[in-house]
Amino acid sequence: MHEDMLNLSTTWVGIAVLAVFIIGYYFIATEEKYEINKAKPALFIGTFSFMLIGIYYTLNGMDPTPLHHEMTLLIEEIAEIFFFLFVAMTFIETLIERGVFDLMKYNLVSKGYTYKKLFWLTGLLAFFISPVADNLTTALILSTVLFTIDKENHKFLVPGAINIVVAANAGGAWSPFGDITTLMAWTAQKGEFIDFLFLFVPSIGGWLFTAWLLSRAVPTGQPPFDATSEEKPKMRDGGMVVVWLGVFTIFVAVMGHQFFHFPAMWGMLFGLSILKLYSFHLTRQQADSFDIFVNMKKIENDTLLFFFGILSAVGALHYVGFLNYIHDLYSLVGPTAANIGVGFISAIVDNVPVMSAILKASPEMSLDQWMLVTLTAGIGGSLISFGSAAGVGVMGRLRGIYTFGSHMKYAWTILAGYILSMGLWYVQFQVLGLY
């Protein structure tokens with residue numbers, strides 16, 4: 001913690017901040033029951049907690065400078081993630097508007113693939129796209145494709161959605177920008193770019209096992225498709241250019257962070273500026289252009305505000321001193337057991353705040369242990385539907401279909417894959433020392 005911070009965990013404000021967090025998270029977890037969007041309680045607990053701390057400082061006549069300094073650092077930390085996601089979502093909505101996903105869906109369905117083959121194809125795409133496009137972006141893209149394939153068959157949609165979430169999280173775990181948690185670990189300089197790539201084997205092994213178990217629940221047969229009545233959709237002007245601009249944007253974000261130590265969001269916003277200029281170019285060419293601001297209106301703002309709120313709430317817990325206990329946990333059970341436990345905790349409390357808490361507490365760990373906690377926070381979030389950014393995003397896309405209840409029906413398959421991933425990590429990192 002910052003040297004000017006006080007341990008306020010035993011004061012009334014510390015207890016109040018913890019109580020607000022627990023109560024607020026209850027409403028986040030029971031979003032379906034109370035029909036309250038998860039962003040509302042998250043934003044409330046994040047902002048209200050710091051207001052309580054401010055009141056405590058005022059009542060006790062304390063200098064608020066350390067509090068202001070900590071909030072400034074927190075805003076900077078959140079902004080990196082917030083704007084990264086903002087740009088990624090804008091690209092997705094632009095691709096949807098250009099008809100890229102309609103064409104992708106047509107190409108998949110028109111080939112006469114069975115439900116099972118589509119299940120494996122979307123899973124493979126999720127696993128290998130997420131390291132480049134981040135797991136939330138990938139999950140949003142492919143869940144959109146999944147829903148357009150067959151809007152009615154829940155026996156296909158639910159296992160398919162779970163498979164996409166698990167695959168996107170597993171694929172994102174071995175890339176420094178493939179998941180919010182790996183992005184946070186990378187920007188916190190807990191590992192170099194290449195270090196994360198060594199997590200490929202435990203990531204793909206665990207996902208393949210889970211996917212194999214899930215595939216047994218996928219129905220036989222093919223989705224409905226009438227070649228005579230369904231015309232092949234046409235991609236609107238500039239669709240493929242937008243795809244390559246998205247790839248270029250991710251590349252610039254990575255290279256800028258790797259070589260110039262820029263925040264990853266800087267490269268993303270640069271890519272957004274290029275996208276805006278390209279839309280202007282289409283307008284000047286009198287082509288079928290698009291309005292980037294209209295596409296921005298369609299992004300999942302509740303997801304962005306959820307991240308802002310939950311990271312602020314964790315920042316408040318950090319400031320009042322509760323994250324000091326993480327050091328005690330790691331000392332008590334050892335880093336390996338603690339990091340494996342992080343996967344289960346991240347499923348309940350969402351992997352973003354858990355990883356944020358660990359990075360803020362910053363226990364002394366070797367590189368292999370930082371890679372383990374990155375892996376467990378990434379794939380462990382799949383155990384519960386709202387335990388990861390990908391899961392939260394897909395719940396929003398497939399509202400009423402992919403729910404907490406439908407996910408938990410198949411949670412045992414994800415647990416089996418998680419256990420296998422831990423075994424593969426142990427053999428690779430601890431026994432063979434391949435990292």
# chains A, B, ... in the order shown; residues from 1 in each chain; ligands from 1

$ closest_atom_pairs --of "stretch 274-349 of chain A" --to "stretch 64-82 of chain A" --cutoff "7 Å" --atoms "only C-alpha atoms" --output "CSV"
residue,atom,partner,partner_atom,distance
A:Leu304,CA,A:Phe82,CA,6.3
A:Phe308,CA,A:Ile78,CA,6.4
A:Leu311,CA,A:Ile78,CA,6.9
A:Gly315,CA,A:Leu74,CA,6.8

$ closest_atom_pairs --of "stretch 296-320 of chain A" --to "stretch 382-394 of chain A" --cutoff "10 Å" --atoms "only C-alpha atoms" --output "JSON lines"
{"residue": "A:Glu300", "atom": "CA", "partner": "A:Gly393", "partner_atom": "CA", "distance": 8.0}
{"residue": "A:Asp302", "atom": "CA", "partner": "A:Gly393", "partner_atom": "CA", "distance": 9.6}
{"residue": "A:Thr303", "atom": "CA", "partner": "A:Gly393", "partner_atom": "CA", "distance": 7.0}
{"residue": "A:Phe306", "atom": "CA", "partner": "A:Val392", "partner_atom": "CA", "distance": 9.6}
{"residue": "A:Phe307", "atom": "CA", "partner": "A:Ala389", "partner_atom": "CA", "distance": 8.7}

$ write_last_selection --atoms "N, CA, C and O atoms" --output "PDB file, in the first residue's frame"
ATOM      1  N   GLU A 300     -22.126  -2.154 -25.496  1.00  0.00           N
ATOM      2  CA  GLU A 300     -22.647  -2.586 -24.192  1.00  0.00           C
ATOM      3  C   GLU A 300     -22.128  -1.636 -23.105  1.00  0.00           C
ATOM      4  O   GLU A 300     -21.166  -1.930 -22.393  1.00  0.00           O
ATOM      5  N   ASP A 302     -23.454  -0.967 -20.283  1.00  0.00           N
ATOM      6  CA  ASP A 302     -23.589  -1.537 -18.944  1.00  0.00           C
ATOM      7  C   ASP A 302     -22.353  -2.354 -18.572  1.00  0.00           C
ATOM      8  O   ASP A 302     -21.942  -2.376 -17.414  1.00  0.00           O
ATOM      9  N   THR A 303     -21.740  -3.024 -19.570  1.00  0.00           N
ATOM     10  CA  THR A 303     -20.515  -3.787 -19.300  1.00  0.00           C
ATOM     11  C   THR A 303     -19.370  -2.855 -18.928  1.00  0.00           C
ATOM     12  O   THR A 303     -18.619  -3.128 -17.982  1.00  0.00           O
ATOM     13  N   PHE A 306     -19.989  -1.529 -15.485  1.00  0.00           N
ATOM     14  CA  PHE A 306     -19.759  -2.601 -14.509  1.00  0.00           C
ATOM     15  C   PHE A 306     -18.286  -2.670 -14.143  1.00  0.00           C
ATOM     16  O   PHE A 306     -17.930  -2.751 -12.964  1.00  0.00           O
ATOM     17  N   PHE A 307     -17.417  -2.650 -15.153  1.00  0.00           N
ATOM     18  CA  PHE A 307     -15.979  -2.698 -14.875  1.00  0.00           C
ATOM     19  C   PHE A 307     -15.522  -1.463 -14.095  1.00  0.00           C
ATOM     20  O   PHE A 307     -14.718  -1.577 -13.162  1.00  0.00           O
TER      21      PHE A 307
END

$ atom_distance --atom1 "atom CA of A:Thr90" --atom2 "atom CA of A:Val145"
16.9 Å

$ residues_around --residues "A:Arg397" --least-positions-apart "4" --cutoff "9 Å" --atoms "only C-alpha atoms" --output "VMD selection string"
chain A and resid 140 143 to 144 147 392 to 393 402

$ residues_around --residues "A:Val166" --least-positions-apart "2" --cutoff "8 Å" --atoms "only C-alpha atoms" --output "PDB file with N, CA and C atoms, in the first residue's frame"
ATOM      1  N   ILE A 162     -21.674 -21.658 -23.548  1.00  0.00           N
ATOM      2  CA  ILE A 162     -20.696 -22.036 -22.510  1.00  0.00           C
ATOM      3  C   ILE A 162     -19.360 -22.364 -23.150  1.00  0.00           C
ATOM      4  N   ASN A 163     -19.401 -23.101 -24.257  1.00  0.00           N
ATOM      5  CA  ASN A 163     -18.174 -23.468 -24.971  1.00  0.00           C
ATOM      6  C   ASN A 163     -17.422 -22.239 -25.447  1.00  0.00           C
ATOM      7  N   ILE A 164     -18.147 -21.245 -25.956  1.00  0.00           N
ATOM      8  CA  ILE A 164     -17.516 -20.004 -26.413  1.00  0.00           C
ATOM      9  C   ILE A 164     -16.877 -19.261 -25.251  1.00  0.00           C
ATOM     10  N   ALA A 168     -12.971 -18.804 -25.093  1.00  0.00           N
ATOM     11  CA  ALA A 168     -12.468 -17.428 -25.150  1.00  0.00           C
ATOM     12  C   ALA A 168     -11.610 -17.120 -23.924  1.00  0.00           C
ATOM     13  N   ASN A 169     -12.034 -17.570 -22.751  1.00  0.00           N
ATOM     14  CA  ASN A 169     -11.246 -17.340 -21.536  1.00  0.00           C
ATOM     15  C   ASN A 169      -9.937 -18.124 -21.568  1.00  0.00           C
ATOM     16  N   ALA A 170      -9.998 -19.381 -22.048  1.00  0.00           N
ATOM     17  CA  ALA A 170      -8.786 -20.193 -22.129  1.00  0.00           C
ATOM     18  C   ALA A 170      -7.826 -19.625 -23.169  1.00  0.00           C
ATOM     19  N   TRP A 207      -9.515 -26.573 -22.047  1.00  0.00           N
ATOM     20  CA  TRP A 207     -10.689 -26.254 -22.865  1.00  0.00           C
ATOM     21  C   TRP A 207     -11.141 -27.454 -23.690  1.00  0.00           C
ATOM     22  N   ILE A 379      -9.112 -18.671 -16.554  1.00  0.00           N
ATOM     23  CA  ILE A 379      -9.986 -19.812 -16.833  1.00  0.00           C
ATOM     24  C   ILE A 379     -10.922 -20.110 -15.672  1.00  0.00           C
ATOM     25  N   SER A 382     -14.560 -18.896 -15.721  1.00  0.00           N
ATOM     26  CA  SER A 382     -15.566 -19.605 -16.517  1.00  0.00           C
ATOM     27  C   SER A 382     -16.481 -20.468 -15.663  1.00  0.00           C
ATOM     28  N   ILE A 414     -16.745 -27.714 -16.732  1.00  0.00           N
ATOM     29  CA  ILE A 414     -15.730 -26.651 -16.671  1.00  0.00           C
ATOM     30  C   ILE A 414     -14.747 -26.950 -15.538  1.00  0.00           C
TER      31      ILE A 414
END

$ residues_around --residues "stretch 211-224 of chain A" --least-positions-apart "3" --cutoff "6 Å" --atoms "only C-alpha atoms" --output "VMD selection string"
chain A and resid 114 to 115 156 207 to 208

$ closest_atom_pairs --of "stretch 244-315 of chain A" --to "stretch 29-47 of chain A" --cutoff "6 Å" --atoms "only C-alpha atoms" --output "CSV"
residue,atom,partner,partner_atom,distance
A:Asp302,CA,A:Ala39,CA,5.3
A:Leu305,CA,A:Ala39,CA,5.6
A:Phe306,CA,A:Ala39,CA,4.2
A:Gly309,CA,A:Leu43,CA,3.9
A:Ile310,CA,A:Ala42,CA,5.4
A:Ser312,CA,A:Gly46,CA,4.5
A:Ala313,CA,A:Gly46,CA,3.9

$ closest_residue --among "A:Leu272, A:Ile419, A:Val100, A:Val109" --to "A:Gly238" --atoms "only C-alpha atoms"
A:Val100

$ decode --residues "stretch 348-360 of chain A" --atoms "C-alpha atoms" --output "PDB file, in the first residue's frame"
ATOM      1  CA  ILE A 348     -17.647 -16.045  -7.474  1.00  0.00           C
ATOM      2  CA  VAL A 349     -16.325 -12.499  -7.226  1.00  0.00           C
ATOM      3  CA  ASP A 350     -15.483 -11.962 -10.952  1.00  0.00           C
ATOM      4  CA  ASN A 351     -11.912 -12.397 -12.096  1.00  0.00           C
ATOM      5  CA  VAL A 352     -11.332  -8.681 -12.713  1.00  0.00           C
ATOM      6  CA  PRO A 353     -11.659  -7.487  -9.085  1.00  0.00           C
ATOM      7  CA  VAL A 354      -9.786 -10.568  -7.831  1.00  0.00           C
ATOM      8  CA  MET A 355      -6.848  -9.938 -10.150  1.00  0.00           C
ATOM      9  CA  SER A 356      -7.000  -6.244  -9.304  1.00  0.00           C
ATOM     10  CA  ALA A 357      -6.829  -7.092  -5.602  1.00  0.00           C
ATOM     11  CA  ILE A 358      -3.834  -9.424  -6.057  1.00  0.00           C
ATOM     12  CA  LEU A 359      -1.941  -6.912  -8.190  1.00  0.00           C
ATOM     13  CA  LYS A 360      -2.577  -4.169  -5.637  1.00  0.00           C
TER      14      LYS A 360
END
